[in-house]
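Undergrad: Handing you a structure now.
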2 protein chains.
Amino acid sequence: MESFLRDAKNSAHIAANLTSRDKNRILNKMADALVSNTQRIIAENQKDLDFAKSNNLSGAMIDRLLLDEKRVTAMANSLREIASLKEPVGRVLEGWINEDNLRIEKVSVPIGVVAVIYESRPNVTSDVGALCFKSGNVAILKGGKEAEYSNKIIATILQEVLEENSLPREIISLLPDSSREGVAKLIKMDKYVDLVVPRGGEELIRYISANSSIPVVKHDKGLCHTYIHENADFKKAIDIAINAKCHRPGVCNAMETLIIDKEIAPSLLPSLAEAFSEKETFLKGDMEVNEIVKMELATEADFDTEYLANTLNIKMVDGVDEAVSHIRRFGSGHSEAIVTENYSIAEYFLNQIDAACVYVNASTRFTDGGVFGFGAEVGISTNKLHARGPMGINELTTYKFKIYGNGQIRE
Amino acid sequence: MESFLRDAKNSAHIAANLTSRDKNRILNKMADALVSNTQRIIAENQKDLDFAKSNNLSGAMIDRLLLDEKRVTAMANSLREIASLKEPVGRVLEGWINEDNLRIEKVSVPIGVVAVIYESRPNVTSDVGALCFKSGNVAILKGGKEAEYSNKIIATILQEVLEENSLPREIISLLPDSSREGVAKLIKMDKYVDLVVPRGGEELIRYISANSSIPVVKHDKGLCHTYIHENADFKKAIDIAINAKCHRPGVCNAMETLIIDKEIAPSLLPSLAEAFSEKETFLKGDMEVNEIVKMELATEADFDTEYLANTLNIKMVDGVDEAVSHIRRFGSGHSEAIVTENYSIAEYFLNQIDAACVYVNASTRFTDGGVFGFGAEVGISTNKLHARGPMGINELTTYKFKIYGNGQIRE
């Protein structure tokens, strides 16, 4: 493990100093290579599918694993899209002259060696590998055991392109020991690895955060709220609530709890409940909600649950302050929304709520690197530091100061 | 400990939402309070001095601890200077309209609860408390045992001002249990604390990095180099080298190793050695250097040592690539400099060296928040993520996305 990581670290300055043109050319070659190796990929993918079937993995899980011609083409297109993104390295973020007449520039640079730990979908291997490559980083990828063969063939194809271009294969590689012990070792190797990005299960992320000596950018849970204020437009409110909950209930930016002002609850709740019942959403409400529309009683534990399913809590409040308190207590700092036509209340909510993304009159489902316009995303960070919210290639860079002098010394 | 941290966390939104005017007014009141309580501070400081003397602490250590009228006035002035800095919260860092016609703004916001662990100088208590307050954060301060009474009285005076202004005292407070066990507990409390900033001893920092479940921004060692390229201006080279080593040898941005091109070594080394001998610098050189000027032989361990003293390694190299390799191997990513009149070599060095600050024709001693123009600094981060290099009040903020919609839902 250590010699592998040392090799990765030693390739970092090569990756960091590639020209933008070379990076984009190689990314397009990688896309071509994926397409021309489609049959090779499908054959290896079949081994993962066989393993999944013999272990009775769920149909949804098997669908996530599956690679066919169409999906391999999509993976290739994603690489071409990443190639077309604006160069993230070398952006001058700030620049000034100090009192000593030093010219100081704050410039974006690659982070170095980035380890990404993820599950299921094999396309993450090529996507994240390409995002790291585009941003001048070395990528160490650790996918799930269930996609082992698929990930291996994808990484191999990318590495073949690297080698054809006289670049070390360590620039994009899979962690050689992908066991739990391998991960435990990896996260102590701060000498070689600059960032660990865990995506996936809460338990894994908690384990890595607690034990890593390397900085961690987490991608974990979203317990998102939508608060319908008494001055809400009812049509917008219903559309936004339905979209936030039902568009894709299993993702982190889906709503888990709807908060509604008591002033409008009697007139709005019945039509809201009807709209949700059309979507077959299972509703749980607090006592006040139950006085208007009968449903299962929501417990405190419910308000603390990320369902990742078509289930919704509804809570009634007496104005914005109670809504803000509830969100402060139960929110995970991911995405929170208010629906209101009241300017001052909207501004108040935007400022009081401490979350990566705070919305007025829009669905929390928009929290997404692609939707934000970042191009492909590494994920959605639930960190407060370094990267918060959608994480694109710019968030795979850090900065350094370049200081241009003319013989200055400090007095 | 936990109830204390919960109170701190619960004050975070109060600190975050103070107006700029209120924050500056209160900071100036804190400055006044320090001055009007000078005698109280000096009396408590005396207890630390007595303890230090009875424990035979060094004269330098005692001088760092000492507070007199002049130093209390300086502390107050530092608070007034922090009050005068530009508001760090609410800066619109980016803003755009996405394809859905959502207006997206990336805005700076406070981090939340920031714990700072430091040693010796009691003025850090008021400085860091004020920097956190100015940036809308709650500060949890953990100073050294040797300054216990001084830190306590300073924090108390700041808290008195908070309470006079109807603010919770938890906004600036000392960690109640400042023992090792207290710190061990603190760094696991990611539920309440958003950032830990350790400043000081390498061992402490390594311990915190390895064991904290809270993100850490380290402030540790600087193993800085100055490389004199064959096209250097000799006068600039000597001035810069002397300044980088001798101006304040005990700080992290001082040079530890001078690298010199073999082409110019015969003509430059003798005068360099003479200039250093005037400053009583103890020189260690590699074998090639010793063939020109006799000095102690530098070992590999020497090249890996941050002396924090008036001792310097000298290494001879055959051009910029060997210099870059040496810095990659031994540098700590803090501050690195080249002296050259050659444009292409300067650019090459700036790009190839991965450090927080890379200089051309200037002393590494300039790596400093004040010198950079940031005002007072929290320290100099040796992290690659979040904050790198000098860390001012802007680096005590993170960001959130505010998204302004008009009923948008995701299709």
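Chain lettering (A, B, ...) mirrors the order of the structure tokens, residue numbering begins at 1 for each chain separately, and ligand numbering begins at 1 in order of display.
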Please provide the set of residues having any atom within 6 Å of segment 17-27 of chain B, restricted to only C-alpha atoms, with same-chain residues fewer than 3 positions apart removed, written as a PyMOL selection string.
TA: chain B and resi 14+30+83
Undergrad: Next, the residues of the selection above should be written as a PDB file, in the first residue's frame with N, CA and C atoms.
TA:
ATOM      1  N   ILE B  14     -26.695  33.653  16.826  1.00  0.00           N
ATOM      2  CA  ILE B  14     -26.729  35.043  17.324  1.00  0.00           C
ATOM      3  C   ILE B  14     -25.480  35.778  16.840  1.00  0.00           C
ATOM      4  N   MET B  30     -14.704  46.556  23.708  1.00  0.00           N
ATOM      5  CA  MET B  30     -13.786  45.577  24.295  1.00  0.00           C
ATOM      6  C   MET B  30     -12.394  46.177  24.450  1.00  0.00           C
ATOM      7  N   ALA B  83     -11.675  45.838  14.364  1.00  0.00           N
ATOM      8  CA  ALA B  83     -12.978  46.493  14.143  1.00  0.00           C
ATOM      9  C   ALA B  83     -12.990  47.249  12.816  1.00  0.00           C
TER      10      ALA B  83
END
Undergrad: Would you mind writing down, as a PyMOL selection string, each residue of segment 144-380 of chain B that DSSP on the backbone assigns to helix (DSSP H, G or I)?
TA: chain B and resi 145-164+169-171+180-186+202-211+234-246+265-278+287-290+300-303+320-330+343-352+364-366+369-372
Undergrad: Using only C-alpha atoms, which residues sit within 9 Å of Arg64 of chain B once same-chain residues fewer than 3 positions away are excluded, as a list in words?
TA: Gly59, Ala60, Met61, Leu67, Ser120, Arg121 and Pro122 of chain B
Undergrad: What are the residues of chain B that have an atom within 6 Å of an atom of chain A, counting only C-alpha atoms, as a short mmCIF file (atom, residue, chain, number, x, y, z; two decimals) with N, CA and C atoms, in the first residue's frame?
TA:
data_model
loop_
_atom_site.label_atom_id
_atom_site.label_comp_id
_atom_site.auth_asym_id
_atom_site.auth_seq_id
_atom_site.Cartn_x
_atom_site.Cartn_y
_atom_site.Cartn_z
N SER B 209 -4.64 16.29 14.53
CA SER B 209 -4.99 15.89 13.16
C SER B 209 -5.41 14.43 13.10
N ALA B 210 -4.71 13.58 13.85
CA ALA B 210 -4.96 12.15 13.76
C ALA B 210 -6.23 11.75 14.51
N SER B 213 -12.41 14.45 14.98
CA SER B 213 -13.48 14.18 14.01
C SER B 213 -14.01 15.50 13.45
N LYS B 236 20.94 41.19 -4.50
CA LYS B 236 19.61 40.76 -4.07
C LYS B 236 19.72 39.41 -3.35
N ILE B 240 18.48 38.91 0.43
CA ILE B 240 17.31 38.06 0.65
C ILE B 240 17.66 36.87 1.55
N ALA B 356 2.33 26.93 -0.04
CA ALA B 356 1.35 27.99 0.20
C ALA B 356 1.80 29.30 -0.45
N CYS B 357 3.09 29.61 -0.29
CA CYS B 357 3.62 30.86 -0.84
C CYS B 357 4.91 30.58 -1.60
N VAL B 358 4.95 31.00 -2.86
CA VAL B 358 6.16 30.82 -3.66
C VAL B 358 6.61 32.20 -4.13
N TYR B 359 7.86 32.53 -3.85
CA TYR B 359 8.40 33.87 -4.08
C TYR B 359 9.43 33.90 -5.20
N VAL B 360 9.44 34.98 -5.94
CA VAL B 360 10.57 35.31 -6.80
C VAL B 360 11.20 36.58 -6.27
N ASN B 361 12.48 36.53 -6.03
CA ASN B 361 13.26 37.71 -5.63
C ASN B 361 12.66 38.45 -4.43
N ALA B 362 12.30 37.68 -3.41
CA ALA B 362 11.86 38.29 -2.15
C ALA B 362 12.08 37.29 -1.03
N SER B 363 12.12 37.81 0.17
CA SER B 363 12.39 36.99 1.35
C SER B 363 11.14 36.21 1.76
N LEU B 385 -6.21 22.58 2.32
CA LEU B 385 -7.63 22.86 2.08
C LEU B 385 -8.13 23.98 2.99
N HIS B 386 -9.25 24.54 2.56
CA HIS B 386 -9.93 25.65 3.23
C HIS B 386 -9.07 26.90 3.27
N LYS B 400 -22.32 29.92 1.66
CA LYS B 400 -23.51 29.14 1.34
C LYS B 400 -24.06 29.67 0.03
N PHE B 401 -24.94 28.87 -0.59
CA PHE B 401 -25.60 29.31 -1.80
C PHE B 401 -26.99 29.81 -1.42
N LYS B 402 -27.31 31.03 -1.85
CA LYS B 402 -28.67 31.53 -1.74
C LYS B 402 -29.28 31.41 -3.13
N ILE B 403 -30.45 30.78 -3.21
CA ILE B 403 -31.05 30.55 -4.52
C ILE B 403 -32.43 31.19 -4.56
N TYR B 404 -32.59 32.12 -5.48
CA TYR B 404 -33.82 32.90 -5.59
C TYR B 404 -34.65 32.38 -6.76
N GLY B 405 -35.82 31.80 -6.44
CA GLY B 405 -36.64 31.22 -7.47
C GLY B 405 -37.96 31.95 -7.65
N ASN B 406 -38.75 31.40 -8.54
CA ASN B 406 -40.06 31.98 -8.82
C ASN B 406 -41.05 30.83 -9.07
N GLY B 407 -40.91 29.79 -8.26
CA GLY B 407 -41.78 28.64 -8.41
C GLY B 407 -41.17 27.49 -9.19
N GLN B 408 -39.86 27.56 -9.45
CA GLN B 408 -39.22 26.51 -10.25
C GLN B 408 -39.28 25.13 -9.59
N ILE B 409 -39.56 24.13 -10.42
CA ILE B 409 -39.43 22.74 -9.98
C ILE B 409 -38.54 22.01 -10.98
#
Undergrad: Neighbouring residues of Leu312 of chain A were defined as those with any atom within 10 Å, considering only C-alpha atoms; residues of the same chain fewer than 5 positions away were excluded. Please report them as a list in words.
TA: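 Answer for this query is Lys245, Cys246, Pro249, Met255, Glu256, Thr257, Leu258, Phe276, Thr281, Phe282, Leu283, Lys284, Gly285, Ala298, Asp302, Phe303, Thr305, Glu306 and Tyr307 of chain A.
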Undergrad: Take the selection from the previous step and output its residues with N, CA and C atoms, as an mmCIF file, in the first residue's frame.
TA:
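Writing done, so here's part_13.cif:
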data_model
loop_
_atom_site.group_PDB
_atom_site.id
_atom_site.type_symbol
_atom_site.label_atom_id
_atom_site.label_comp_id
_atom_site.auth_asym_id
_atom_site.auth_seq_id
_atom_site.Cartn_x
_atom_site.Cartn_y
_atom_site.Cartn_z
ATOM 1 N N LYS A 245 -40.477 16.364 -2.808
ATOM 2 C CA LYS A 245 -40.627 15.031 -2.216
ATOM 3 C C LYS A 245 -40.616 13.913 -3.252
ATOM 4 N N CYS A 246 -41.387 14.084 -4.335
ATOM 5 C CA CYS A 246 -41.721 12.919 -5.174
ATOM 6 C C CYS A 246 -40.880 12.768 -6.434
ATOM 7 N N PRO A 249 -37.448 10.459 -4.605
ATOM 8 C CA PRO A 249 -37.434 10.426 -3.138
ATOM 9 C C PRO A 249 -36.138 9.856 -2.552
ATOM 10 N N MET A 255 -37.003 16.399 -0.156
ATOM 11 C CA MET A 255 -37.563 16.898 1.109
ATOM 12 C C MET A 255 -37.972 15.740 2.005
ATOM 13 N N GLU A 256 -37.737 15.875 3.313
ATOM 14 C CA GLU A 256 -38.205 14.871 4.283
ATOM 15 C C GLU A 256 -39.338 15.427 5.138
ATOM 16 N N THR A 257 -39.309 16.737 5.383
ATOM 17 C CA THR A 257 -40.337 17.342 6.239
ATOM 18 C C THR A 257 -40.859 18.626 5.601
ATOM 19 N N LEU A 258 -42.182 18.701 5.552
ATOM 20 C CA LEU A 258 -42.855 19.916 5.098
ATOM 21 C C LEU A 258 -43.325 20.672 6.337
ATOM 22 N N PHE A 276 -50.473 14.864 -2.625
ATOM 23 C CA PHE A 276 -49.525 13.820 -2.217
ATOM 24 C C PHE A 276 -50.138 12.427 -2.326
ATOM 25 N N THR A 281 -47.679 9.217 -1.708
ATOM 26 C CA THR A 281 -46.755 9.542 -0.624
ATOM 27 C C THR A 281 -47.384 9.175 0.715
ATOM 28 N N PHE A 282 -46.596 8.526 1.555
ATOM 29 C CA PHE A 282 -47.089 8.185 2.888
ATOM 30 C C PHE A 282 -46.843 9.374 3.816
ATOM 31 N N LEU A 283 -47.917 9.904 4.414
ATOM 32 C CA LEU A 283 -47.823 11.127 5.198
ATOM 33 C C LEU A 283 -47.858 10.860 6.698
ATOM 34 N N LYS A 284 -47.020 11.613 7.415
ATOM 35 C CA LYS A 284 -47.039 11.597 8.878
ATOM 36 C C LYS A 284 -47.123 13.048 9.338
ATOM 37 N N GLY A 285 -48.074 13.363 10.213
ATOM 38 C CA GLY A 285 -48.222 14.751 10.647
ATOM 39 C C GLY A 285 -48.191 14.884 12.152
ATOM 40 N N ALA A 298 -46.736 11.917 13.538
ATOM 41 C CA ALA A 298 -45.274 11.990 13.390
ATOM 42 C C ALA A 298 -44.620 12.109 14.761
ATOM 43 N N ASP A 302 -39.291 10.613 13.864
ATOM 44 C CA ASP A 302 -39.606 10.793 12.442
ATOM 45 C C ASP A 302 -38.977 12.077 11.900
ATOM 46 N N PHE A 303 -39.076 13.138 12.699
ATOM 47 C CA PHE A 303 -38.520 14.421 12.227
ATOM 48 C C PHE A 303 -37.003 14.354 12.094
ATOM 49 N N THR A 305 -35.468 11.707 10.779
ATOM 50 C CA THR A 305 -35.183 10.600 9.867
ATOM 51 C C THR A 305 -35.078 11.068 8.417
ATOM 52 N N GLU A 306 -33.996 10.637 7.755
ATOM 53 C CA GLU A 306 -33.898 10.820 6.309
ATOM 54 C C GLU A 306 -34.504 9.568 5.682
ATOM 55 N N TYR A 307 -35.734 9.688 5.171
ATOM 56 C CA TYR A 307 -36.429 8.480 4.700
ATOM 57 C C TYR A 307 -35.809 7.900 3.435
#
Undergrad: If DSSP is run on the backbone, what residues of segment 226-299 of chain B are strand (DSSP E or B)? A reply as a ChimeraX atom specification would be ideal.
TA: /B:226-228,255-261,282-285,296-297
Undergrad: Save the residues we just selected, C-alpha atoms, as a CSV table (one decimal), in the first residue's frame?
TA:
chain,number,residue,atom,x,y,z
B,226,THR,CA,15.7,29.9,-0.9
B,227,TYR,CA,17.2,28.9,-4.2
B,228,ILE,CA,19.8,31.1,-5.7
B,255,MET,CA,14.7,29.9,5.8
B,256,GLU,CA,16.3,26.6,6.9
B,257,THR,CA,18.1,25.7,3.7
B,258,LEU,CA,19.8,27.8,1.1
B,259,ILE,CA,20.2,26.1,-2.3
B,260,ILE,CA,22.8,27.5,-4.7
B,261,ASP,CA,23.6,26.7,-8.3
B,282,PHE,CA,26.0,28.5,12.1
B,283,LEU,CA,26.5,27.0,8.6
B,284,LYS,CA,26.2,23.4,7.5
B,285,GLY,CA,27.0,22.6,3.9
B,296,GLU,CA,30.2,21.5,9.2
B,297,LEU,CA,29.0,18.8,6.8
Undergrad: I'd like the neighbourhood of segment 170-181 of chain A as a short mmCIF file (atom, residue, chain, number, x, y, z; two decimals) with C-alpha atoms, in the first residue's frame, where a residue qualifies if any of its atoms comes within 7 Å (using only C-alpha atoms), though same-chain residues fewer than 4 positions away should be ignored.
TA:
data_model
loop_
_atom_site.label_atom_id
_atom_site.label_comp_id
_atom_site.auth_asym_id
_atom_site.auth_seq_id
_atom_site.Cartn_x
_atom_site.Cartn_y
_atom_site.Cartn_z
CA ASP A 7 4.12 6.34 -6.54
CA ALA A 8 0.80 8.20 -6.62
CA SER A 11 3.04 11.50 -10.04
CA ALA A 15 -0.56 15.63 -13.32
CA GLY A 129 -11.21 9.81 -12.45
CA VAL A 138 -3.99 12.19 -8.97
CA ALA A 139 -7.11 10.06 -8.32
CA ILE A 140 -7.16 7.06 -6.01
CA LEU A 141 -10.52 5.38 -6.45
CA LYS A 142 -12.15 2.90 -4.12
CA ALA A 155 -9.72 2.02 -14.66
CA GLN A 159 -4.70 3.80 -17.58
CA LYS A 185 -4.70 2.15 6.28
#
Undergrad: Quick one, how far is atom CA of Ala52 of chain B from atom CA of Glu146 of chain B?
TA: 6.8 Å
Undergrad: Record the distance separating atom CA of Val116 of chain A and atom CA of Gly143 of chain A, expressed in Å with one decimal.
TA: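 Calculated distance between atom CA of Val116 of chain A and atom CA of Gly143 of chain A is 8.2 Å.
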